[in-house]
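Below is upload_8.pdb, holding PDB, C-alpha atoms.
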MODEL        1
ATOM      1  CA  MET A   1       5.274  23.827  14.615
ATOM      2  CA  ILE A   2       6.167  20.132  14.552
ATOM      3  CA  THR A   3       9.288  18.829  16.276
ATOM      4  CA  ARG A   4      10.873  15.448  16.951
ATOM      5  CA  ALA A   5       9.080  15.440  20.318
ATOM      6  CA  ASP A   6       5.711  15.513  18.517
ATOM      7  CA  VAL A   7       6.797  12.639  16.289
ATOM      8  CA  ASP A   8       7.949  10.622  19.296
ATOM      9  CA  ALA A   9       4.614  11.221  21.034
ATOM     10  CA  ALA A  10       2.786  10.064  17.920
ATOM     11  CA  ALA A  11       4.896   6.898  17.811
ATOM     12  CA  VAL A  12       3.783   6.040  21.348
ATOM     13  CA  ARG A  13       0.129   6.757  20.564
ATOM     14  CA  ILE A  14      -0.068   4.643  17.399
ATOM     15  CA  ALA A  15       2.053   1.751  18.646
ATOM     16  CA  GLY A  16       0.306  -1.511  17.862
ATOM     17  CA  GLN A  17      -1.931   0.095  15.231
ATOM     18  CA  VAL A  18       0.578   0.428  12.383
ATOM     19  CA  ARG A  19       3.244  -1.792  10.841
ATOM     20  CA  ARG A  20       6.982  -1.359  11.252
ATOM     21  CA  THR A  21       7.739  -1.485   7.553
ATOM     22  CA  PRO A  22      10.909  -3.157   6.243
ATOM     23  CA  LEU A  23      14.024  -1.824   4.531
ATOM     24  CA  ILE A  24      15.649  -3.092   1.351
ATOM     25  CA  GLU A  25      19.344  -2.405   0.884
ATOM     26  CA  VAL A  26      20.032  -1.474  -2.729
ATOM     27  CA  ASP A  27      22.669  -3.200  -4.823
ATOM     28  CA  PRO A  28      26.180  -1.713  -4.511
ATOM     29  CA  GLY A  29      26.775   0.785  -7.299
ATOM     30  CA  THR A  30      23.103   1.639  -7.779
ATOM     31  CA  TRP A  31      24.148   5.160  -6.858
ATOM     32  CA  ALA A  32      27.305   6.748  -5.434
ATOM     33  CA  GLY A  33      27.129   5.270  -1.937
ATOM     34  CA  PRO A  34      25.130   2.996   0.380
ATOM     35  CA  GLY A  35      21.368   3.153  -0.065
ATOM     36  CA  TRP A  36      18.104   1.778   1.233
ATOM     37  CA  PHE A  37      14.442   1.740   0.307
ATOM     38  CA  LYS A  38      11.997   2.224   3.161
ATOM     39  CA  CYS A  39       9.034   0.072   2.118
ATOM     40  CA  GLU A  40       6.258   2.221   3.510
ATOM     41  CA  PHE A  41       4.049   1.112   0.633
ATOM     42  CA  MET A  42       3.609  -2.051   2.748
ATOM     43  CA  GLN A  43       1.842  -0.052   5.464
ATOM     44  CA  HIS A  44      -1.860  -0.670   6.201
ATOM     45  CA  THR A  45      -3.990   0.601   3.289
ATOM     46  CA  GLY A  46      -0.933   0.724   1.047
ATOM     47  CA  SER A  47       0.599   4.040   2.107
ATOM     48  CA  PHE A  48       2.230   5.946   4.945
ATOM     49  CA  LYS A  49      -1.041   7.812   5.518
ATOM     50  CA  ALA A  50      -2.235   5.238   8.067
ATOM     51  CA  ARG A  51       0.283   6.643  10.564
ATOM     52  CA  GLY A  52      -1.166  10.140  10.586
ATOM     53  CA  ALA A  53      -4.737   8.893  10.406
ATOM     54  CA  PHE A  54      -4.389   6.775  13.531
ATOM     55  CA  ASN A  55      -2.615   9.584  15.355
ATOM     56  CA  ARG A  56      -5.349  12.087  14.494
ATOM     57  CA  VAL A  57      -8.315   9.846  15.321
ATOM     58  CA  LEU A  58      -6.770   8.483  18.518
ATOM     59  CA  ALA A  59      -5.864  11.990  19.677
ATOM     60  CA  ALA A  60      -9.428  13.139  18.961
ATOM     61  CA  ARG A  61     -10.794  10.229  20.970
ATOM     62  CA  GLU A  62      -8.450  11.010  23.874
ATOM     63  CA  SER A  63      -9.541  14.676  23.929
ATOM     64  CA  GLY A  64     -13.260  13.904  23.676
ATOM     65  CA  GLU A  65     -13.495  15.575  20.258
ATOM     66  CA  LEU A  66     -14.591  12.370  18.535
ATOM     67  CA  ASP A  67     -18.291  11.511  18.646
ATOM     68  CA  PRO A  68     -18.375   7.798  17.786
ATOM     69  CA  GLU A  69     -21.824   8.228  16.255
ATOM     70  CA  VAL A  70     -20.778  11.089  13.952
ATOM     71  CA  GLY A  71     -17.228  10.016  13.189
ATOM     72  CA  ILE A  72     -14.748  11.686  10.877
ATOM     73  CA  VAL A  73     -14.656  13.540   7.572
ATOM     74  CA  VAL A  74     -11.659  13.733   5.247
ATOM     75  CA  ALA A  75     -11.044  15.051   1.732
ATOM     76  CA  SER A  76      -8.568  13.054  -0.286
ATOM     77  CA  GLY A  77      -7.388  12.127  -3.742
ATOM     78  CA  GLY A  78      -7.396   8.596  -2.417
ATOM     79  CA  ASN A  79      -4.631   7.557  -0.014
ATOM     80  CA  ALA A  80      -5.557   9.792   2.932
ATOM     81  CA  GLY A  81      -9.158   8.715   2.535
ATOM     82  CA  LEU A  82      -8.186   5.052   2.595
ATOM     83  CA  ALA A  83      -6.055   5.519   5.696
ATOM     84  CA  ASN A  84      -8.629   7.497   7.635
ATOM     85  CA  ALA A  85     -11.441   5.137   6.665
ATOM     86  CA  TYR A  86      -9.321   2.212   7.852
ATOM     87  CA  ALA A  87      -8.393   3.936  11.118
ATOM     88  CA  ALA A  88     -11.981   4.985  11.813
ATOM     89  CA  ARG A  89     -13.266   1.463  11.222
ATOM     90  CA  ALA A  90     -10.563  -0.003  13.450
ATOM     91  CA  LEU A  91     -11.536   2.434  16.222
ATOM     92  CA  GLY A  92     -15.288   1.986  15.814
ATOM     93  CA  ALA A  93     -16.245   5.292  14.183
ATOM     94  CA  PRO A  94     -17.892   6.059  10.818
ATOM     95  CA  ALA A  95     -15.990   7.871   8.071
ATOM     96  CA  THR A  96     -17.124  10.078   5.200
ATOM     97  CA  VAL A  97     -14.548  10.637   2.479
ATOM     98  CA  PHE A  98     -14.762  13.387  -0.136
ATOM     99  CA  VAL A  99     -12.778  12.645  -3.292
ATOM    100  CA  PRO A 100     -12.503  14.452  -6.636
ATOM    101  CA  LEU A 101     -14.231  12.952  -9.636
ATOM    102  CA  THR A 102     -10.764  12.155 -11.001
ATOM    103  CA  ALA A 103      -9.911   9.780  -8.127
ATOM    104  CA  PRO A 104      -8.827   6.365  -9.469
ATOM    105  CA  ALA A 105     -11.612   3.795  -9.443
ATOM    106  CA  VAL A 106      -9.368   1.323  -7.591
ATOM    107  CA  LYS A 107      -9.076   3.749  -4.662
ATOM    108  CA  VAL A 108     -12.800   4.554  -4.592
ATOM    109  CA  ALA A 109     -13.628   0.844  -4.524
ATOM    110  CA  LYS A 110     -11.236   0.306  -1.613
ATOM    111  CA  LEU A 111     -12.769   3.203   0.311
ATOM    112  CA  ARG A 112     -16.172   1.587   0.077
ATOM    113  CA  ALA A 113     -14.684  -1.771   1.055
ATOM    114  CA  TYR A 114     -13.448  -0.145   4.284
ATOM    115  CA  GLY A 115     -17.025   0.912   5.015
ATOM    116  CA  ALA A 116     -16.635   4.608   4.233
ATOM    117  CA  THR A 117     -19.313   6.808   2.770
ATOM    118  CA  VAL A 118     -17.743   8.195  -0.420
ATOM    119  CA  VAL A 119     -18.763  11.566  -1.842
ATOM    120  CA  GLN A 120     -17.257  12.483  -5.229
ATOM    121  CA  HIS A 121     -17.079  16.220  -5.795
ATOM    122  CA  GLY A 122     -15.095  18.484  -8.143
ATOM    123  CA  ASN A 123     -12.171  17.752 -10.420
ATOM    124  CA  GLU A 124      -9.367  18.580  -7.960
ATOM    125  CA  TYR A 125      -8.540  17.867  -4.344
ATOM    126  CA  ALA A 126      -9.164  21.533  -3.456
ATOM    127  CA  GLU A 127     -12.805  21.293  -4.535
ATOM    128  CA  ALA A 128     -13.374  18.090  -2.579
ATOM    129  CA  TYR A 129     -11.730  19.764   0.417
ATOM    130  CA  GLU A 130     -14.171  22.700   0.416
ATOM    131  CA  ALA A 131     -17.103  20.285   0.324
ATOM    132  CA  ALA A 132     -15.593  18.330   3.222
ATOM    133  CA  LEU A 133     -15.256  21.478   5.346
ATOM    134  CA  LYS A 134     -18.917  22.259   4.751
ATOM    135  CA  ALA A 135     -19.853  18.755   5.930
ATOM    136  CA  VAL A 136     -17.718  19.152   9.067
ATOM    137  CA  ALA A 137     -19.477  22.431   9.897
ATOM    138  CA  GLU A 138     -22.883  20.854   9.401
ATOM    139  CA  THR A 139     -22.319  17.588  11.281
ATOM    140  CA  GLY A 140     -19.673  18.242  13.926
ATOM    141  CA  ALA A 141     -17.537  15.403  12.586
ATOM    142  CA  VAL A 142     -13.813  15.319  13.352
ATOM    143  CA  HIS A 143     -11.961  16.839  10.430
ATOM    144  CA  CYS A 144      -8.930  14.837   9.325
ATOM    145  CA  HIS A 145      -6.836  16.927   6.960
ATOM    146  CA  ALA A 146      -5.010  15.015   4.253
ATOM    147  CA  TYR A 147      -1.645  16.601   5.094
ATOM    148  CA  ASP A 148      -1.731  19.919   7.012
ATOM    149  CA  GLN A 149      -2.711  19.116  10.590
ATOM    150  CA  PRO A 150      -0.335  18.684  13.537
ATOM    151  CA  GLU A 151      -1.414  15.141  14.431
ATOM    152  CA  ILE A 152      -1.384  14.080  10.773
ATOM    153  CA  VAL A 153       2.113  15.456  10.190
ATOM    154  CA  ALA A 154       3.528  14.061  13.428
ATOM    155  CA  GLY A 155       2.064  10.645  12.664
ATOM    156  CA  ALA A 156       3.543  10.678   9.165
ATOM    157  CA  GLY A 157       6.879  11.592  10.697
ATOM    158  CA  THR A 158       7.029   8.256  12.492
ATOM    159  CA  ALA A 159       7.954   6.704   9.133
ATOM    160  CA  GLY A 160      11.056   8.884   9.247
ATOM    161  CA  SER A 161      11.976   8.227  12.860
ATOM    162  CA  GLU A 162      11.469   4.507  12.274
ATOM    163  CA  PHE A 163      13.679   4.673   9.159
ATOM    164  CA  ILE A 164      16.455   6.387  11.103
ATOM    165  CA  ASP A 165      16.112   3.918  13.979
ATOM    166  CA  GLN A 166      16.364   0.943  11.614
ATOM    167  CA  LEU A 167      19.626   2.378  10.255
ATOM    168  CA  ASP A 168      20.965   3.216  13.738
ATOM    169  CA  GLY A 169      21.170   6.847  12.634
ATOM    170  CA  GLU A 170      23.687   5.947   9.905
ATOM    171  CA  VAL A 171      22.029   7.891   7.064
ATOM    172  CA  ASP A 172      22.977  11.229   5.528
ATOM    173  CA  THR A 173      20.036  12.006   3.242
ATOM    174  CA  ILE A 174      16.397  10.936   2.996
ATOM    175  CA  LEU A 175      14.488  11.503  -0.248
ATOM    176  CA  VAL A 176      10.745  12.005   0.089
ATOM    177  CA  ALA A 177       7.992  12.593  -2.484
ATOM    178  CA  VAL A 178       6.040  15.825  -2.015
ATOM    179  CA  GLY A 179       2.466  16.846  -2.777
ATOM    180  CA  GLY A 180       0.936  18.718   0.151
ATOM    181  CA  ALA A 181       4.161  17.765   1.974
ATOM    182  CA  GLY A 182       2.837  16.403   5.251
ATOM    183  CA  LEU A 183       5.146  13.406   4.936
ATOM    184  CA  MET A 184       8.132  15.619   4.153
ATOM    185  CA  ALA A 185       7.372  17.814   7.155
ATOM    186  CA  GLY A 186       7.079  14.895   9.539
ATOM    187  CA  VAL A 187      10.223  13.218   8.242
ATOM    188  CA  ALA A 188      12.186  16.490   8.331
ATOM    189  CA  ALA A 189      11.124  17.056  11.935
ATOM    190  CA  ALA A 190      12.096  13.495  12.846
ATOM    191  CA  ALA A 191      15.442  13.784  11.050
ATOM    192  CA  GLU A 192      16.378  17.261  12.282
ATOM    193  CA  GLY A 193      19.973  17.222  13.453
ATOM    194  CA  VAL A 194      20.484  13.675  12.123
ATOM    195  CA  ALA A 195      19.982  13.687   8.338
ATOM    196  CA  ARG A 196      19.071  16.126   5.579
ATOM    197  CA  VAL A 197      15.758  15.750   3.760
ATOM    198  CA  VAL A 198      15.378  16.269   0.017
ATOM    199  CA  ALA A 199      11.850  16.889  -1.262
ATOM    200  CA  VAL A 200      11.085  15.492  -4.715
ATOM    201  CA  GLU A 201       8.243  17.079  -6.680
ATOM    202  CA  PRO A 202       6.745  16.654 -10.150
ATOM    203  CA  VAL A 203       7.603  19.665 -12.295
ATOM    204  CA  THR A 204       3.862  19.884 -13.018
ATOM    205  CA  ILE A 205       2.980  20.368  -9.301
ATOM    206  CA  PRO A 206       5.880  22.273  -7.658
ATOM    207  CA  THR A 207       4.108  23.221  -4.436
ATOM    208  CA  LEU A 208       7.154  23.359  -2.167
ATOM    209  CA  ARG A 209       9.580  24.805  -4.735
ATOM    210  CA  ASP A 210       7.200  27.692  -5.468
ATOM    211  CA  ALA A 211       6.552  28.278  -1.752
ATOM    212  CA  LEU A 212      10.281  28.448  -1.013
ATOM    213  CA  GLU A 213      10.870  30.822  -3.927
ATOM    214  CA  ARG A 214       7.957  33.129  -3.074
ATOM    215  CA  GLY A 215       8.282  33.197   0.701
ATOM    216  CA  GLY A 216       5.171  31.193   1.586
ATOM    217  CA  PRO A 217       2.592  28.695   0.331
ATOM    218  CA  VAL A 218       0.969  29.653  -2.978
ATOM    219  CA  ASP A 219      -1.488  27.937  -5.285
ATOM    220  CA  VAL A 220      -0.003  26.078  -8.254
ATOM    221  CA  PRO A 221      -1.686  24.446 -11.248
ATOM    222  CA  VAL A 222      -2.260  20.713 -10.798
ATOM    223  CA  SER A 223      -1.585  18.304 -13.631
ATOM    224  CA  GLY A 224       0.488  15.299 -14.589
ATOM    225  CA  ILE A 225       0.606  11.569 -14.045
ATOM    226  CA  ALA A 226       0.983  11.785 -10.246
ATOM    227  CA  ALA A 227      -1.865  14.235  -9.652
ATOM    228  CA  ASP A 228      -4.017  11.558  -8.007
ATOM    229  CA  SER A 229      -1.596  11.260  -5.059
ATOM    230  CA  LEU A 230       0.586  14.409  -5.195
ATOM    231  CA  GLY A 231      -2.116  16.742  -6.493
ATOM    232  CA  ALA A 232      -2.444  19.268  -3.674
ATOM    233  CA  ARG A 233      -2.864  22.802  -4.999
ATOM    234  CA  ARG A 234      -0.514  24.249  -2.377
ATOM    235  CA  VAL A 235       1.986  23.039   0.186
ATOM    236  CA  GLY A 236       0.764  22.913   3.789
ATOM    237  CA  ASP A 237       1.559  25.731   6.204
ATOM    238  CA  ILE A 238       3.140  23.259   8.632
ATOM    239  CA  ALA A 239       5.270  21.765   5.872
ATOM    240  CA  TYR A 240       6.487  25.159   4.695
ATOM    241  CA  ALA A 241       7.500  26.175   8.219
ATOM    242  CA  VAL A 242       9.344  22.900   8.838
ATOM    243  CA  ALA A 243      11.061  23.043   5.443
ATOM    244  CA  VAL A 244      12.368  26.552   6.128
ATOM    245  CA  ARG A 245      13.466  25.659   9.659
ATOM    246  CA  THR A 246      15.298  22.495   8.674
ATOM    247  CA  GLY A 247      16.676  23.574   5.283
ATOM    248  CA  VAL A 248      14.785  21.105   3.103
ATOM    249  CA  ARG A 249      15.837  21.255  -0.550
ATOM    250  CA  SER A 250      13.395  20.712  -3.431
ATOM    251  CA  VAL A 251      14.270  18.937  -6.683
ATOM    252  CA  LEU A 252      11.918  18.548  -9.651
ATOM    253  CA  ILE A 253      11.305  15.547 -11.866
ATOM    254  CA  SER A 254       9.220  15.053 -15.028
ATOM    255  CA  ASP A 255       6.339  12.703 -15.754
ATOM    256  CA  ASP A 256       8.697  10.670 -17.949
ATOM    257  CA  ASP A 257      11.070  10.396 -14.973
ATOM    258  CA  LEU A 258       8.216   9.092 -12.819
ATOM    259  CA  VAL A 259       7.171   6.489 -15.372
ATOM    260  CA  ASP A 260      10.756   5.309 -15.851
ATOM    261  CA  ALA A 261      11.471   5.154 -12.105
ATOM    262  CA  ARG A 262       8.301   3.210 -11.399
ATOM    263  CA  ARG A 263       9.195   0.727 -14.113
ATOM    264  CA  GLN A 264      12.758   0.399 -12.812
ATOM    265  CA  LEU A 265      11.511  -0.333  -9.316
ATOM    266  CA  TRP A 266       9.490  -3.191 -10.732
ATOM    267  CA  ASP A 267      12.112  -4.495 -13.177
ATOM    268  CA  ARG A 268      15.067  -4.372 -10.767
ATOM    269  CA  TRP A 269      13.510  -5.022  -7.347
ATOM    270  CA  ARG A 270       9.971  -6.276  -8.053
ATOM    271  CA  ILE A 271       8.605  -3.305  -6.112
ATOM    272  CA  VAL A 272       5.187  -2.030  -7.195
ATOM    273  CA  VAL A 273       4.401   1.598  -6.308
ATOM    274  CA  GLU A 274       2.115   4.311  -7.604
ATOM    275  CA  HIS A 275       3.588   7.044  -9.795
ATOM    276  CA  GLY A 276       3.690   9.594  -6.976
ATOM    277  CA  ALA A 277       5.562   7.206  -4.706
ATOM    278  CA  ALA A 278       8.156   6.631  -7.426
ATOM    279  CA  ALA A 279       9.129  10.305  -7.215
ATOM    280  CA  ALA A 280      11.717   9.826  -4.471
ATOM    281  CA  TYR A 281      13.604   7.205  -6.490
ATOM    282  CA  ALA A 282      13.066   9.169  -9.725
ATOM    283  CA  ALA A 283      15.291  11.935  -8.357
ATOM    284  CA  LEU A 284      18.182   9.464  -8.274
ATOM    285  CA  ALA A 285      17.357   7.525 -11.433
ATOM    286  CA  SER A 286      17.038  10.721 -13.499
ATOM    287  CA  GLY A 287      20.041  12.508 -12.012
ATOM    288  CA  ALA A 288      17.909  15.312 -10.559
ATOM    289  CA  TYR A 289      19.651  14.477  -7.284
ATOM    290  CA  ARG A 290      23.261  13.305  -7.441
ATOM    291  CA  PRO A 291      24.672  11.948  -4.170
ATOM    292  CA  GLU A 292      28.262  12.634  -3.241
ATOM    293  CA  PRO A 293      30.617   9.625  -3.235
ATOM    294  CA  GLY A 294      29.906   7.592  -0.118
ATOM    295  CA  GLU A 295      26.754   9.547   0.764
ATOM    296  CA  ARG A 296      24.320   7.282   2.616
ATOM    297  CA  VAL A 297      20.923   7.764   0.989
ATOM    298  CA  GLY A 298      17.522   6.567   2.157
ATOM    299  CA  VAL A 299      14.581   6.552  -0.269
ATOM    300  CA  LEU A 300      11.114   6.538   1.250
ATOM    301  CA  LEU A 301       8.703   4.664  -1.033
ATOM    302  CA  CYS A 302       5.411   5.859   0.334
ATOM    303  CA  GLY A 303       2.497   4.257  -1.521
ATOM    304  CA  ALA A 304       1.383   1.331  -3.666
ATOM    305  CA  ASN A 305      -2.260   2.039  -4.495
ATOM    306  CA  THR A 306      -1.927   1.653  -8.226
ATOM    307  CA  ASN A 307      -3.048  -0.426 -11.157
ATOM    308  CA  PRO A 308      -0.174  -2.883 -11.758
ATOM    309  CA  SER A 309      -1.361  -3.631 -15.306
ATOM    310  CA  ASP A 310       0.484  -0.607 -16.693
ATOM    311  CA  LEU A 311       3.900  -1.379 -15.176
TER     312      LEU A 311
ENDMDL
END

Let's see the structure in the file written out as structure tokens.
Amino acid sequence: MITRADVDAAAVRIAGQVRRTPLIEVDPGTWAGPGWFKCEFMQHTGSFKARGAFNRVLAARESGELDPEVGIVVASGGNAGLANAYAARALGAPATVFVPLTAPAVKVAKLRAYGATVVQHGNEYAEAYEAALKAVAETGAVHCHAYDQPEIVAGAGTAGSEFIDQLDGEVDTILVAVGGAGLMAGVAAAAEGVARVVAVEPVTIPTLRDALERGGPVDVPVSGIAADSLGARRVGDIAYAVAVRTGVRSVLISDDDLVDARRQLWDRWRIVVEHGAAAAYAALASGAYRPEPGERVGVLLCGANTNPSDL
């Protein structure tokens, strides 16, 4: 189980390795009360994932688990692979990244630019994940899960604790995009007792909603425009436990909502994000989440690894 103490410990461990990303205050009247964008898409490698990656690899080095000759293995639709490849290179260890055949070419090219060995396998994250586990068993590499590992979740949560700190605790609600939900879990742990967390999911990949309705993580079909970044087949066990403990609410948005929100972010604020990262704002723009008058709302924009030509 992940708590605020785990997030605080991660913040100490990764200090100096990650950026303190800025906030943008939204225009008055954009929604019912004060609001802010947390620009986590400006993090190293273009997503929040660098936080968890550094926490996992540094913790493995501290414990003696990391063999600098063997390095790490991660399965990823793209962003987790980028982050872990970047962290491994920064810490002097090799990285092997398993991605599905559907991974965007822009992300695969970046992985190779970070010096990672890229293995493309299967059409979904789940298939790449099984191949990665086999490689870990064969080589003894450190396994870095994309979203369901204590160090990964706690590291991701530092985006939430940093957000709250930047607002001096003056926030009521934080909206977070959900795929495997490691970010949601970390932010919910960081915000427990301070702010509520609303999870925003594509209707085509409702991993958390289905888990909450059925009493535990279950497989869901994966499809839609955000499948490259939010395409986990099921929500993580850690995320489910944190969501239940902290009362996280799930709201669903459509692919059309994602496209419209991403375009609005560019047109109104000149913010470029990937479709999955637009989910948090899409909940507000579409009306899937309606703040109460005066409700102070933070929107975590978590990734920008996209092709800007289709904005």

Q: Tell me which residues the PyMOL selection byres ((chain A and resi 126-136) around 7) grabs here, as a count of residues only.
A: 19

Q: Quote the spacing between CA of Ala280 in chain A and CA of Phe163 in chain A in Å to one decimal place.
A: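 These atoms are spaced 14.7 Å apart.
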
Please give the centre and size of the box around range 90-107 of chain A (axis-aligned, containing every atom listed in the file, 4 Å added per side), with values in Å to one decimal and written as AutoDock Vina command-line options.
--center_x -13.4 --center_y 7.2 --center_z 2.6 --size_x 17.1 --size_y 22.5 --size_z 35.2

Q) Using only C-alpha atoms, which of A:Ala227, A:Cys302, A:Ala241, A:Leu258 sits nearest Ala285 in chain A? A)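 Result for the nearest residue to Ala285 in chain A: A:Leu258.
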
Q) A:Tyr147, A:Trp269, A:Tyr281, A:Tyr289: which is nearest Leu230 in chain A, counting all atoms listed in the file? A)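 Comparing A:Tyr147, A:Trp269, A:Tyr281, A:Tyr289 against Leu230 in chain A, the winner is A:Tyr147.
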
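The smallest atom-to-atom distance between Asp165 in chain A and any of A:His145, A:Lys38, A:Arg56, A:Arg214, using only C-alpha atoms, is found for A:Lys38.
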
(Q) Here is a test: counting all atoms listed in the file, which residue of A:Asp148, A:Asp310, A:Glu40, A:Asp27 is nearest to Ala277 in chain A? (A)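 The answer is A:Glu40, which sits nearest to Ala277 in chain A.
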
Q) Can you tell me, as a PyMOL selection string, which residues sit within 12 Å of (-15.2, 8.5, -5.2) in the file's frame, using only C-alpha atoms? A) chain A and resi 75-79+81-82+96-112+116-125+128+228

So that I have them on file, write out the residues from the current selection with C-alpha atoms, as an mmCIF file, keeping the file's coordinate frame.
data_model
loop_
_atom_site.group_PDB
_atom_site.id
_atom_site.type_symbol
_atom_site.label_atom_id
_atom_site.label_comp_id
_atom_site.auth_asym_id
_atom_site.auth_seq_id
_atom_site.Cartn_x
_atom_site.Cartn_y
_atom_site.Cartn_z
ATOM 1 C CA ALA A 75 -11.044 15.051 1.732
ATOM 2 C CA SER A 76 -8.568 13.054 -0.286
ATOM 3 C CA GLY A 77 -7.388 12.127 -3.742
ATOM 4 C CA GLY A 78 -7.396 8.596 -2.417
ATOM 5 C CA ASN A 79 -4.631 7.557 -0.014
ATOM 6 C CA GLY A 81 -9.158 8.715 2.535
ATOM 7 C CA LEU A 82 -8.186 5.052 2.595
ATOM 8 C CA THR A 96 -17.124 10.078 5.200
ATOM 9 C CA VAL A 97 -14.548 10.637 2.479
ATOM 10 C CA PHE A 98 -14.762 13.387 -0.136
ATOM 11 C CA VAL A 99 -12.778 12.645 -3.292
ATOM 12 C CA PRO A 100 -12.503 14.452 -6.636
ATOM 13 C CA LEU A 101 -14.231 12.952 -9.636
ATOM 14 C CA THR A 102 -10.764 12.155 -11.001
ATOM 15 C CA ALA A 103 -9.911 9.780 -8.127
ATOM 16 C CA PRO A 104 -8.827 6.365 -9.469
ATOM 17 C CA ALA A 105 -11.612 3.795 -9.443
ATOM 18 C CA VAL A 106 -9.368 1.323 -7.591
ATOM 19 C CA LYS A 107 -9.076 3.749 -4.662
ATOM 20 C CA VAL A 108 -12.800 4.554 -4.592
ATOM 21 C CA ALA A 109 -13.628 0.844 -4.524
ATOM 22 C CA LYS A 110 -11.236 0.306 -1.613
ATOM 23 C CA LEU A 111 -12.769 3.203 0.311
ATOM 24 C CA ARG A 112 -16.172 1.587 0.077
ATOM 25 C CA ALA A 116 -16.635 4.608 4.233
ATOM 26 C CA THR A 117 -19.313 6.808 2.770
ATOM 27 C CA VAL A 118 -17.743 8.195 -0.420
ATOM 28 C CA VAL A 119 -18.763 11.566 -1.842
ATOM 29 C CA GLN A 120 -17.257 12.483 -5.229
ATOM 30 C CA HIS A 121 -17.079 16.220 -5.795
ATOM 31 C CA GLY A 122 -15.095 18.484 -8.143
ATOM 32 C CA ASN A 123 -12.171 17.752 -10.420
ATOM 33 C CA GLU A 124 -9.367 18.580 -7.960
ATOM 34 C CA TYR A 125 -8.540 17.867 -4.344
ATOM 35 C CA ALA A 128 -13.374 18.090 -2.579
ATOM 36 C CA ASP A 228 -4.017 11.558 -8.007
#

Q | the PyMOL selection byres ((chain A and resi 182) around 9) applied to the shown file, residues as a list of chain:residue names | A | A:Ala146, A:Tyr147, A:Asp148, A:Gln149, A:Ile152, A:Val153, A:Ala154, A:Ala156, A:Gly157, A:Val178, A:Gly179, A:Gly180, A:Ala181, A:Leu183, A:Met184, A:Ala185, A:Gly186, A:Val187, A:Val235, A:Gly236, A:Ile238, A:Ala239

Q) For the atom pair CA of Leu58 in chain A and CA of Gly303 in chain A, what is the interatomic distance in Å to one decimal place? A)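 Between CA of Leu58 in chain A and CA of Gly303 in chain A the gap works out to 22.5 Å.
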
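From CA of Ala190 in chain A back to CA of Phe54 in chain A, the distance works out to 17.8 Å.
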
Q.
For this structure, which residues satisfy the selection - the PyMOL selection byres ((chain A and resi 279) around 10) - when it is evaluated on the file as given? I want them as number ranges by chain.
A. A: 175-178, 199-202, 226, 230, 252-255, 257-259, 261-262, 273-278, 280-285, 299-302

Q. Any idea what's packed within 10 Å of Trp31 in chain A, counting only C-alpha atoms, ignoring anything in its chain fewer than 4 positions away? Could you give it as a list of chain:residue names?
A. A:Val26, A:Asp27, A:Gly35, A:Leu284, A:Ala285, A:Gly287, A:Arg290, A:Pro291, A:Glu292, A:Pro293, A:Gly294, A:Glu295, A:Arg296, A:Val297

Is it possible to add N, CA, C and O atoms to range 29-36 of chain A and hand it back as a PDB file, in the frame of the given file?
ATOM      1  N   GLY A  29      26.599   0.148  -6.001  1.00  0.00           N
ATOM      2  CA  GLY A  29      26.775   0.785  -7.299  1.00  0.00           C
ATOM      3  C   GLY A  29      25.501   1.315  -7.911  1.00  0.00           C
ATOM      4  O   GLY A  29      25.526   1.930  -8.983  1.00  0.00           O
ATOM      5  N   THR A  30      24.343   1.093  -7.254  1.00  0.00           N
ATOM      6  CA  THR A  30      23.103   1.639  -7.779  1.00  0.00           C
ATOM      7  C   THR A  30      23.182   3.165  -7.843  1.00  0.00           C
ATOM      8  O   THR A  30      22.728   3.789  -8.783  1.00  0.00           O
ATOM      9  N   TRP A  31      23.739   3.761  -6.814  1.00  0.00           N
ATOM     10  CA  TRP A  31      24.148   5.160  -6.858  1.00  0.00           C
ATOM     11  C   TRP A  31      25.480   5.293  -6.138  1.00  0.00           C
ATOM     12  O   TRP A  31      26.148   4.288  -5.884  1.00  0.00           O
ATOM     13  N   ALA A  32      25.908   6.515  -5.806  1.00  0.00           N
ATOM     14  CA  ALA A  32      27.305   6.748  -5.434  1.00  0.00           C
ATOM     15  C   ALA A  32      27.719   6.163  -4.090  1.00  0.00           C
ATOM     16  O   ALA A  32      28.902   6.059  -3.802  1.00  0.00           O
ATOM     17  N   GLY A  33      26.786   5.796  -3.252  1.00  0.00           N
ATOM     18  CA  GLY A  33      27.129   5.270  -1.937  1.00  0.00           C
ATOM     19  C   GLY A  33      26.082   4.293  -1.460  1.00  0.00           C
ATOM     20  O   GLY A  33      25.221   3.851  -2.220  1.00  0.00           O
ATOM     21  N   PRO A  34      26.128   3.928  -0.168  1.00  0.00           N
ATOM     22  CA  PRO A  34      25.130   2.996   0.380  1.00  0.00           C
ATOM     23  C   PRO A  34      23.723   3.561   0.255  1.00  0.00           C
ATOM     24  O   PRO A  34      23.511   4.782   0.336  1.00  0.00           O
ATOM     25  N   GLY A  35      22.745   2.682   0.062  1.00  0.00           N
ATOM     26  CA  GLY A  35      21.368   3.153  -0.065  1.00  0.00           C
ATOM     27  C   GLY A  35      20.352   2.126   0.373  1.00  0.00           C
ATOM     28  O   GLY A  35      20.619   0.918   0.368  1.00  0.00           O
ATOM     29  N   TRP A  36      19.183   2.635   0.750  1.00  0.00           N
ATOM     30  CA  TRP A  36      18.104   1.778   1.233  1.00  0.00           C
ATOM     31  C   TRP A  36      16.760   2.317   0.756  1.00  0.00           C
ATOM     32  O   TRP A  36      16.558   3.527   0.630  1.00  0.00           O
TER      33      TRP A  36
END
